[in-house]
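Next comes final04.cif, with mmCIF, C-alpha atoms.
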data_query
loop_
_atom_site.label_atom_id
_atom_site.label_comp_id
_atom_site.auth_asym_id
_atom_site.auth_seq_id
_atom_site.Cartn_x
_atom_site.Cartn_y
_atom_site.Cartn_z
CA MET N 1 -14.87 22.84 -4.20
CA PRO N 2 -12.26 23.06 -1.44
CA LEU N 3 -12.50 20.62 1.44
CA PRO N 4 -13.62 21.90 4.83
CA HIS N 5 -10.61 22.69 6.96
CA LEU N 6 -9.71 19.91 9.34
CA PRO N 7 -7.77 21.39 12.26
CA SER N 8 -4.72 19.73 13.73
CA MET N 9 -5.46 17.86 16.93
CA ALA N 10 -3.94 19.98 19.68
CA ILE N 11 -3.69 17.08 22.10
CA SER N 12 -0.88 15.13 23.65
CA SER N 13 -2.04 11.73 22.47
CA PHE N 14 -5.02 9.48 22.22
CA GLN N 15 -5.94 7.47 25.26
CA SER N 16 -5.17 3.78 25.39
CA PRO N 17 -6.15 2.05 22.13
CA ASP N 18 -8.53 -0.78 22.81
CA ILE N 19 -10.55 -3.30 20.89
CA VAL N 20 -13.95 -1.79 20.37
CA TYR N 21 -16.71 -3.23 18.31
CA ALA N 22 -17.42 -0.84 15.47
CA SER N 23 -21.11 -0.41 14.87
CA TYR N 24 -21.74 0.67 11.32
CA SER N 25 -24.92 2.39 12.43
CA SER N 26 -22.95 5.63 12.84
CA SER N 27 -23.65 6.60 9.25
CA SER N 28 -26.22 5.67 6.65
CA ALA N 29 -23.49 4.55 4.29
CA ARG N 30 -22.13 2.06 6.76
CA GLN N 31 -25.61 0.74 7.56
CA SER N 32 -25.68 -0.70 4.05
CA TYR N 33 -23.33 -3.45 5.22
CA GLY N 34 -26.15 -4.84 7.30
CA SER N 35 -25.01 -6.69 10.37
CA VAL N 36 -21.28 -6.41 9.68
CA SER N 37 -19.78 -5.51 13.03
CA ALA N 38 -16.04 -6.00 13.20
CA PRO N 39 -13.50 -5.76 15.98
CA MET N 40 -11.16 -2.92 15.02
CA MET N 41 -8.35 -1.15 16.79
CA HIS N 42 -9.30 2.47 17.44
CA HIS N 43 -8.27 5.49 19.38
CA ARG N 44 -11.09 5.56 21.90
CA SER N 45 -10.96 9.14 23.11
CA CYS N 46 -8.72 12.16 23.36
CA SER N 47 -6.81 13.87 26.12
CA SER N 48 -5.15 17.29 26.31
CA SER N 49 -2.42 16.92 28.89
CA GLY N 50 0.51 18.37 26.96
CA PRO N 51 2.12 19.33 23.63
CA LEU N 52 2.50 16.87 20.78
CA GLN N 53 5.95 15.60 19.94
CA ASN N 54 7.26 15.70 16.38
CA SER N 55 7.45 11.92 15.97
CA ILE N 56 5.62 10.69 12.89
CA PHE N 57 3.76 8.33 15.22
CA ASP N 58 1.63 9.00 18.26
CA PRO N 59 4.13 9.54 21.10
CA GLU N 60 2.32 7.10 23.41
CA TYR N 61 0.65 4.64 21.03
CA SER N 62 3.13 4.02 18.28
CA GLN N 63 0.91 2.13 15.84
CA PHE N 64 -1.05 5.30 15.15
CA PRO N 65 0.21 8.24 13.07
CA ASN N 66 0.86 11.38 15.08
CA PRO N 67 -2.53 13.17 15.14
CA ARG N 68 -0.78 16.46 14.38
CA PHE N 69 0.30 15.07 11.02
CA MET N 70 -2.79 12.94 10.49
CA SER N 71 -5.07 15.95 10.02
CA HIS N 72 -2.61 17.17 7.38
CA PHE N 73 -2.55 13.77 5.66
CA ILE N 74 -6.33 13.59 5.50
CA GLN N 75 -6.50 16.95 3.73
CA LEU N 76 -3.75 15.95 1.28
CA PHE N 77 -5.24 12.56 0.57
CA PHE N 78 -8.61 13.91 -0.45
CA GLN N 79 -7.14 16.88 -2.28
CA TYR N 80 -4.87 14.78 -4.50
CA LEU N 81 -6.19 11.22 -4.35
CA GLY N 82 -9.84 11.39 -3.33
CA SER N 83 -11.11 11.09 -6.90
CA GLU N 84 -8.97 7.98 -7.44
CA HIS N 85 -10.38 6.22 -4.39
CA PRO N 86 -14.02 7.32 -4.08
CA PHE N 87 -14.84 4.41 -1.78
CA ILE N 88 -13.13 6.46 0.95
CA LYS N 89 -15.41 9.31 2.00
CA TYR N 90 -14.05 12.56 3.44
CA GLU N 91 -17.00 13.00 5.77
CA ASP N 92 -16.51 9.56 7.30
CA VAL N 93 -12.75 9.87 7.70
CA ALA N 94 -12.84 13.42 9.04
CA GLY N 95 -15.62 12.51 11.45
CA ASP N 96 -13.80 9.44 12.72
CA PHE N 97 -10.60 11.45 13.13
CA MET N 98 -12.25 14.24 15.09
CA GLU N 99 -13.95 11.65 17.31
CA CYS N 100 -10.64 9.75 17.70
CA GLN N 101 -12.16 6.66 16.12
CA MET N 102 -9.89 6.03 13.12
CA SER N 103 -8.58 2.49 12.81
CA VAL N 104 -4.88 1.70 12.74
CA ALA N 105 -5.22 0.19 9.27
CA LEU N 106 -7.00 3.04 7.52
CA SER N 107 -5.05 5.83 9.21
CA ASN N 108 -1.69 4.34 8.21
CA SER N 109 -2.79 3.62 4.65
CA ILE N 110 -3.99 7.19 4.16
CA ALA N 111 -0.80 8.54 5.72
CA ALA N 112 1.43 6.35 3.52
CA LEU N 113 -0.20 7.62 0.32
CA ALA N 114 -0.59 11.26 1.36
CA VAL N 115 2.88 12.06 2.71
CA GLN N 116 4.36 12.36 -0.80
CA TYR N 117 2.36 15.57 -1.26
CA SER N 118 3.45 17.19 2.00
CA VAL N 119 5.77 20.19 2.17
CA LEU N 120 6.02 20.22 5.96
CA PRO N 121 9.72 20.61 6.90
CA GLU N 122 9.38 17.99 9.68
CA LEU N 123 8.39 15.41 7.06
CA ILE N 124 10.62 16.58 4.22
CA VAL N 125 13.74 16.28 6.37
CA ARG N 126 12.92 12.64 7.09
CA GLY N 127 12.32 11.88 3.42
CA PRO N 128 8.71 11.34 2.25
CA HIS N 129 9.52 7.84 0.99
CA ASN N 130 10.97 6.84 4.37
CA VAL N 131 7.95 8.21 6.20
CA ALA N 132 5.52 6.50 3.84
CA GLN N 133 7.35 3.20 4.24
CA ALA N 134 7.22 3.49 8.03
CA TYR N 135 3.43 3.86 7.89
CA ALA N 136 3.11 1.04 5.35
CA GLU N 137 5.14 -1.30 7.56
CA ILE N 138 2.81 -0.68 10.50
CA LEU N 139 -0.15 -1.56 8.31
CA ILE N 140 1.57 -4.73 7.10
CA THR N 141 2.20 -5.71 10.73
CA VAL N 142 -1.49 -5.20 11.52
CA LEU N 143 -2.50 -7.30 8.52
CA CYS N 144 -0.18 -10.10 9.62
CA GLN N 145 -1.72 -9.99 13.10
CA ASN N 146 -5.18 -10.12 11.55
CA ALA N 147 -4.19 -13.12 9.43
CA ILE N 148 -3.03 -14.98 12.54
CA ASN N 149 -6.37 -14.24 14.22
CA ALA N 150 -8.44 -14.82 11.07
CA ALA N 151 -10.18 -17.83 12.56
CA ILE N 152 -11.76 -15.77 15.33
CA ASP N 153 -11.82 -12.19 14.05
CA ILE N 154 -14.47 -10.80 11.72
CA PRO N 155 -12.87 -8.66 8.99
CA SER N 156 -13.80 -5.01 8.78
CA VAL N 157 -14.59 -2.83 5.79
CA ASP N 158 -11.95 -0.39 7.05
CA THR N 159 -9.32 -3.13 6.77
CA LEU N 160 -10.48 -3.98 3.25
CA HIS N 161 -10.24 -0.34 2.19
CA ALA N 162 -6.84 0.02 3.85
CA CYS N 163 -5.57 -3.04 1.94
CA MET N 164 -6.84 -1.56 -1.31
CA LEU N 165 -4.95 1.68 -0.65
CA LEU N 166 -1.80 -0.20 0.36
CA ALA N 167 -2.01 -2.29 -2.83
CA TRP N 168 -1.90 0.87 -4.94
CA TYR N 169 0.97 2.19 -2.82
CA GLU N 170 2.99 -0.94 -3.59
CA TYR N 171 1.97 -0.92 -7.24
CA GLY N 172 3.08 2.70 -7.60
CA LEU N 173 6.53 1.71 -6.33
CA GLY N 174 6.74 -1.14 -8.83
CA ARG N 175 6.66 -3.76 -6.08
CA TYR N 176 4.45 -6.15 -7.99
CA THR N 177 4.99 -9.18 -5.76
CA ALA N 178 3.68 -7.18 -2.80
CA PHE N 179 0.79 -5.98 -4.95
CA ARG N 180 -0.12 -9.56 -5.86
CA ASP N 181 0.11 -10.67 -2.23
CA LEU N 182 -2.19 -7.84 -1.18
CA ALA N 183 -4.60 -8.69 -4.00
CA THR N 184 -4.86 -12.18 -2.51
CA THR N 185 -5.62 -10.69 0.91
CA ILE N 186 -8.16 -8.31 -0.63
CA SER N 187 -9.87 -11.23 -2.38
CA ARG N 188 -10.16 -13.11 0.92
CA LEU N 189 -11.51 -10.09 2.80
CA SER N 190 -13.93 -9.28 -0.03
CA THR N 191 -15.32 -12.81 0.07
CA GLN N 192 -15.75 -12.70 3.84
CA LEU N 193 -17.50 -9.32 3.60
CA GLY N 194 -19.82 -10.41 0.78
CA PHE N 195 -18.32 -8.48 -2.14
CA ILE N 196 -16.99 -11.52 -4.00
CA ALA N 197 -18.70 -14.85 -4.63
CA PRO N 198 -16.95 -18.21 -4.06
CA ASP N 199 -16.16 -18.37 -7.81
CA GLU N 200 -14.23 -15.07 -7.39
CA THR N 201 -16.68 -12.95 -9.38
CA LEU N 202 -17.84 -9.63 -7.99
CA ILE N 203 -21.35 -9.55 -6.59
CA ASN N 204 -23.02 -6.74 -8.51
CA THR N 205 -26.04 -6.02 -6.36
CA HIS N 206 -28.24 -2.94 -6.36
CA ASP N 207 -26.84 -1.05 -3.41
CA ASN N 208 -25.83 2.42 -2.31
CA GLU N 209 -23.12 4.50 -3.94
CA TRP N 210 -20.51 3.77 -1.29
CA ARG N 211 -20.75 0.01 -1.86
CA LYS N 212 -20.77 0.49 -5.62
CA GLN N 213 -17.56 2.50 -5.41
CA THR N 214 -15.95 -0.27 -3.36
CA LEU N 215 -16.98 -2.79 -6.02
CA LYS N 216 -15.45 -0.58 -8.72
CA GLY N 217 -12.26 -0.34 -6.69
CA LEU N 218 -12.11 -4.12 -6.38
CA TYR N 219 -12.69 -4.50 -10.11
CA SER N 220 -9.85 -2.07 -10.85
CA ILE N 221 -7.45 -4.07 -8.68
CA ASN N 222 -8.62 -7.30 -10.33
CA VAL N 223 -7.98 -5.96 -13.82
CA THR N 224 -4.63 -4.44 -12.86
CA LEU N 225 -3.59 -7.73 -11.27
CA SER N 226 -4.23 -9.60 -14.52
CA ASN N 227 -1.87 -7.20 -16.31
CA THR N 228 0.83 -7.01 -13.65
CA PRO N 229 4.30 -8.05 -14.87
CA GLY N 230 5.05 -11.63 -13.92
CA ASN N 231 1.43 -12.52 -13.22
CA ARG N 232 0.00 -15.48 -15.13
CA ARG N 233 -3.53 -15.04 -13.87
CA THR N 234 -6.19 -13.92 -16.31
CA ALA N 235 -8.90 -11.51 -15.32
CA ASP N 236 -11.86 -13.06 -13.56
CA LEU N 237 -14.27 -10.53 -14.94
#
In structure tokens, write the structure found in this file.
Amino acid sequence: MPLPHLPSMAISSFQSPDIVYASYSSSSARQSYGSVSAPMMHHRSCSSSGPLQNSIFDPEYSQFPNPRFMSHFIQLFFQYLGSEHPFIKYEDVAGDFMECQMSVALSNSIAALAVQYSVLPELIVRGPHNVAQAYAEILITVLCQNAINAAIDIPSVDTLHACMLLAWYEYGLGRYTAFRDLATTISRLSTQLGFIAPDETLINTHDNEWRKQTLKGLYSINVTLSNTPGNRRTADL
């Protein structure tokens, strides 16, 4: 079944990004994470003061993908990769995008994976690999900032999912050292968010489908890590 059309955002930019505390009460799926409430960088609201530029990033707030391209990336991601990453839900992402509430981490991870499927001349002329790498580098910068602030910041599920997508991006390019590094970050985030026990085994609880799909995604990364060239670690599960 084709995805509902997600229109391009005919706006000049998002207003000033700010730290807002994401309440997971906005959807029943997110409520399943209980009291998890994480500080996340979001576009707070939209304005319509002028035309969008053709930069791959938001003309005013350069950590965010250009919203004109982001709507395109969301469609491509779920068309070509949605079945591979079912822990990311179209309804949640599309809703957050339309409400200008996508996080830096998740928006850049989706963009990095989706751009390879684009046929837009503005992206083709730049080189899909170059564009994808630009988005990936922003996400890596955000993750480094989060690591520095790890002692005071509560991790978010969005950041976990973004790391999982970025790990597969690096794996697909054969960058196994980066994949292993991200797997370590994913393990830490998963433990903090209650997906992995202290002995590094997945916590298989009876929960909703969204959480189960995240657990399956974590398991897939765990198994792939054990078989990654140059890795001496054996599978935990």
Pick out the closest residue to Phe64 of chain N from this set: N:Leu189, N:Ile124, N:Val142, N:Leu182. Count all atoms listed in the file.
-> N:Val142
Dump as number ranges by chain all residues having an atom at most 9 Å from (-12.3, -1.8, 4.5), computed in the file's coordinates with all atoms listed in the file.
-> N: 105-106, 155-164, 189-190, 214
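Straight-line separation from atom CA of Leu215 of chain N to atom CA of Phe195 of chain N: 7.0 Å.
Minimum atom-to-atom distance to Met98 of chain N, evaluated using only C-alpha atoms, belongs to N:Pro67 out of N:Pro67, N:Gly194, N:Gly127, N:Pro121.
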Choose the residue, out of N:Ser118, N:Thr191, N:Ser109, N:Gln213, that has the smallest atom-to-atom separation from Tyr135 of chain N; count all atoms listed in the file.
-> N:Ser109
The PyMOL selection byres ((chain N and resi 76) around 12) applied to the shown file, residues as a ChimeraX atom specification = /N:2-3,5-6,69-75,77-82,90,110-120
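Across the model, the gap from atom CA of Ser220 of chain N to atom CA of Asn130 of chain N is 27.3 Å.
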By how many Å are atom CA of Leu166 of chain N and atom CA of Asn108 of chain N apart?
-> 9.1 Å
Which one of N:Leu218, N:Phe97, N:Asp92, N:Leu173 sits closest to Arg188 of chain N if you count all atoms listed in the file?
-> N:Leu218
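Comparing N:Ile56, N:Tyr176, N:Ile138, N:Thr184 by their smallest distance to Val125 of chain N, the closest is N:Ile56 (using only C-alpha atoms).
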Using only C-alpha atoms, which of N:Asn208, N:Thr177, N:Ser62, N:Ser103 sits nearest Leu225 of chain N?
-> N:Thr177
